[in-house]
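A.B. asks: Below: one structure in structure tokens.
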Amino acid sequence: MNTTLTESSSRFRELDKMSVHDLLAGINEEDAKVAAAVGKAIPQIEALVNKIMERLPQGGRVFYLGAGTSGRLGVLDASEIPPTYGVKDVIVGLIAGGDTALRRSVENAEDDCEKAWHELQAFHIGATDTVIGIAASGTTPYVVSAVEKARANRLLTGCITCNPGSPLAQAAAYPVEVAVGAEVVTGSTRMKSGTAQKLVLNMISTTLMIRMGRVKGNKMVNMQLANHKLRKRGIRMIEEELGVSEKEAQQLLLSHGSVKKALDVVAQSSSCRENL
């Protein structure tokens with residue numbers, strides 16, 4: 001039986017005999033390899049993002065599917081889009097075992113070949129939607145089967161895996177394969193593989209939101225002003241963009257409810273005055 005890349009043996013032979021310093025340094029050395037591995041996958045990521053961008057203006061959505069760590073990372077990324085960019089239900093995360101699996105392991109859930117596809121049906125998925133399977137090993141039945149069915153039904157399909165040439169990579173039309181190599185603890189893919197998946201998810205969702213116009217310059221002008229810290233950030237953005245005082249920026253934010261609306265109203269007002 002061939003050993004997959006994510007199951008290959010750690011280069012550290014006797015972890016249990018190493019000092020705390022050496023363990024920490026060893027983990028850090030391995031983590032340092034992840035960004036370079038992700039960098040090599042940028043052409044694959046770019047191809048997937050470009051295809052997604054063709055669909056989003058038509059009302060398309062992105063669905064992440066995963067089990068265990070991979071599923072949790074997908075749900076995490078999806079859950080941060082509404083508060084950061086003010087967009088709901090554009091990116092959706094599904095995890096094998098449901099919400100229970102976010103806190104506790106539901107190991108047998110990942111072996112269900114039908115569940116993910118049934119879960120997707122509840123969202124009335126269609127031709128403008130994208131399904132991205134996330135699985136370090138690239139063999140998770142919950143994920144692979146759903147990606148296969150999605151592709152057969154003419155949905156756009158992608159994946160994030162750390163095993164090049166895996167069943168998941170073969171199932172997806174636009175695979176992203178990040179070969180991070182052996183983990184410090186053999187087979188513990190929550191480590192380098194999980195870090196790689198998080199980086200790729202950040203790249204995909206952030207790029208999509210920027211291209212959708214949810215960022216102005218380098219600022220999150222559509223963020224939800226849900227707490228004191230975010231309101232202060234919004235006031236600061238308006239100050240910097242318009243060159244007004246903190247008090248004026250606060251009044252604008254309170255009047256219009258978001259940074260973007262405040263900036264748009266001021267811009268329109270300035271344009272009208274110039275045309276008089």
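Labels for the structure tokens follow display order: chains A, B, ..., residues from 1 in each chain, ligands from 1.
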Determine, counting only C-alpha atoms, which protein, DNA and RNA residues have an atom within 9 Å of an atom of Ala37 in chain A; residues of the same chain fewer than 2 positions away are not included. Present the result as a PyMOL selection string.
C.D. replies: chain A and resi 33-35+39-41+178-180+196
A.B. asks: I need the residues of range 23-73 of chain A that end up classed as strand (DSSP E) by DSSP on the backbone, written out as a list in words.
C.D. replies: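 Those in range 23-73 of chain A that DSSP calls strand (DSSP E) are Val62, Phe63, Tyr64, Leu65 and Gly66 of chain A.
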A.B. asks: Quick one: pull the distance between CA of Val62 in chain A and CA of Val92 in chain A, Å, one decimal.
C.D. replies: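 Between these atoms lies a distance of 6.2 Å.
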A.B. asks: Identify all residues of range 41-224 of chain A in alpha helix (DSSP H) (DSSP on the backbone) and supply them as an NGL selection string.
C.D. replies: :A and (42-55 or 68-79 or 81-85 or 115-121 or 141-152 or 167-171 or 192-211)
A.B. asks: Skip Gly59 in chain A itself and residues of its chain fewer than 5 positions away, then list as a list in words all residues within 10 Å of it, counting only C-alpha atoms.
C.D. replies: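 That gives Val90, Gly126, Thr128 and Asp129 of chain A.
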A.B. asks: Rank nothing, just name the residue among A:Leu24, A:Ile132, A:Met209, A:Ile81 nearest to Ser145 in chain A, using only C-alpha atoms.
C.D. replies: A:Ile132
A.B. asks: Quick one: residues within 12 Å of Arg154 in chain A, only C-alpha atoms counted, chain neighbours fewer than 5 positions away excluded, as a VMD selection string?
C.D. replies: chain A and resid 125 to 131 147 to 149 172 to 173
A.B. asks: For range 113-147 of chain A against range 159-170 of chain A, with a cut-off of 6 Å and counting only C-alpha atoms, what is the closest atom pair and its distance in Å to one decimal for every residue that makes the cut, ordered by chain and number, as CSV?
C.D. replies:
```
residue,atom,partner,partner_atom,distance
A:Ile132,CA,A:Cys159,CA,4.8
A:Gly133,CA,A:Cys159,CA,4.4
A:Ile134,CA,A:Ile160,CA,4.9
A:Ala135,CA,A:Thr161,CA,5.2
A:Ala136,CA,A:Thr161,CA,4.6
A:Ser137,CA,A:Asn163,CA,5.6
A:Gly138,CA,A:Leu168,CA,4.7
A:Thr139,CA,A:Pro167,CA,5.8
A:Val144,CA,A:Leu168,CA,5.1
```
A.B. asks: Residues of range 141-216 of chain A that approach range 44-55 of chain A to 8 Å or less, counting only C-alpha atoms: could you list each one with the shortest pair of atoms and its distance in Å to one decimal, rows by chain and increasing residue number, as a tab-separated table?
C.D. replies:
```
residue	atom	partner	partner_atom	distance
A:Leu156	CA	A:Ile52	CA	7.6
A:Gly158	CA	A:Leu48	CA	6.7
A:Tyr174	CA	A:Leu48	CA	5.7
A:Pro175	CA	A:Gln44	CA	6.7
A:Val176	CA	A:Gln44	CA	5.4
A:Glu177	CA	A:Gln44	CA	7.8
A:Val200	CA	A:Ile45	CA	7.7
A:Ile204	CA	A:Val49	CA	6.4
A:Thr207	CA	A:Val49	CA	7.8
A:Leu208	CA	A:Met53	CA	7.0
A:Arg211	CA	A:Met53	CA	7.9
```
A.B. asks: Write a file of the just-selected residues containing N, CA and C atoms, as a PDB file, in the first residue's frame.
C.D. replies:
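Once everything was written out, this is out.pdb:
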```
ATOM      1  N   LEU A 156     -19.537  24.545 -11.049  1.00  0.00           N
ATOM      2  CA  LEU A 156     -18.101  24.756 -11.016  1.00  0.00           C
ATOM      3  C   LEU A 156     -17.547  24.050  -9.779  1.00  0.00           C
ATOM      4  N   GLY A 158     -14.024  23.039  -7.400  1.00  0.00           N
ATOM      5  CA  GLY A 158     -12.626  23.221  -7.048  1.00  0.00           C
ATOM      6  C   GLY A 158     -12.321  22.425  -5.806  1.00  0.00           C
ATOM      7  N   TYR A 174     -11.107  22.356 -11.059  1.00  0.00           N
ATOM      8  CA  TYR A 174     -10.044  23.312 -10.762  1.00  0.00           C
ATOM      9  C   TYR A 174      -9.427  22.989  -9.392  1.00  0.00           C
ATOM     10  N   PRO A 175      -8.540  21.994  -9.355  1.00  0.00           N
ATOM     11  CA  PRO A 175      -7.928  21.617  -8.093  1.00  0.00           C
ATOM     12  C   PRO A 175      -6.830  22.584  -7.657  1.00  0.00           C
ATOM     13  N   VAL A 176      -6.726  22.786  -6.358  1.00  0.00           N
ATOM     14  CA  VAL A 176      -5.606  23.513  -5.768  1.00  0.00           C
ATOM     15  C   VAL A 176      -4.854  22.504  -4.908  1.00  0.00           C
ATOM     16  N   GLU A 177      -3.626  22.207  -5.297  1.00  0.00           N
ATOM     17  CA  GLU A 177      -2.837  21.178  -4.617  1.00  0.00           C
ATOM     18  C   GLU A 177      -1.613  21.824  -3.970  1.00  0.00           C
ATOM     19  N   VAL A 200      -4.942  29.405   1.803  1.00  0.00           N
ATOM     20  CA  VAL A 200      -5.619  29.381   0.502  1.00  0.00           C
ATOM     21  C   VAL A 200      -7.041  29.927   0.619  1.00  0.00           C
ATOM     22  N   ILE A 204      -8.615  33.076  -1.447  1.00  0.00           N
ATOM     23  CA  ILE A 204      -9.795  32.970  -2.300  1.00  0.00           C
ATOM     24  C   ILE A 204     -10.872  33.965  -1.870  1.00  0.00           C
ATOM     25  N   THR A 207      -9.814  37.819  -2.091  1.00  0.00           N
ATOM     26  CA  THR A 207      -9.732  38.279  -3.474  1.00  0.00           C
ATOM     27  C   THR A 207     -11.125  38.436  -4.079  1.00  0.00           C
ATOM     28  N   LEU A 208     -12.011  37.488  -3.801  1.00  0.00           N
ATOM     29  CA  LEU A 208     -13.376  37.586  -4.310  1.00  0.00           C
ATOM     30  C   LEU A 208     -14.073  38.835  -3.780  1.00  0.00           C
ATOM     31  N   ARG A 211     -12.658  41.987  -5.454  1.00  0.00           N
ATOM     32  CA  ARG A 211     -13.105  42.088  -6.848  1.00  0.00           C
ATOM     33  C   ARG A 211     -14.602  42.389  -6.949  1.00  0.00           C
TER      34      ARG A 211
END
```
A.B. asks: For Leu73 in chain A, list every protein, DNA or RNA residue within 8 Å, evaluated using only C-alpha atoms, and leave out those in the same chain fewer than 3 positions away; present the list as a list in words.
C.D. replies: Thr69, Ser70, Leu76, Asp77, Gly194, Gln197 and Lys198 of chain A
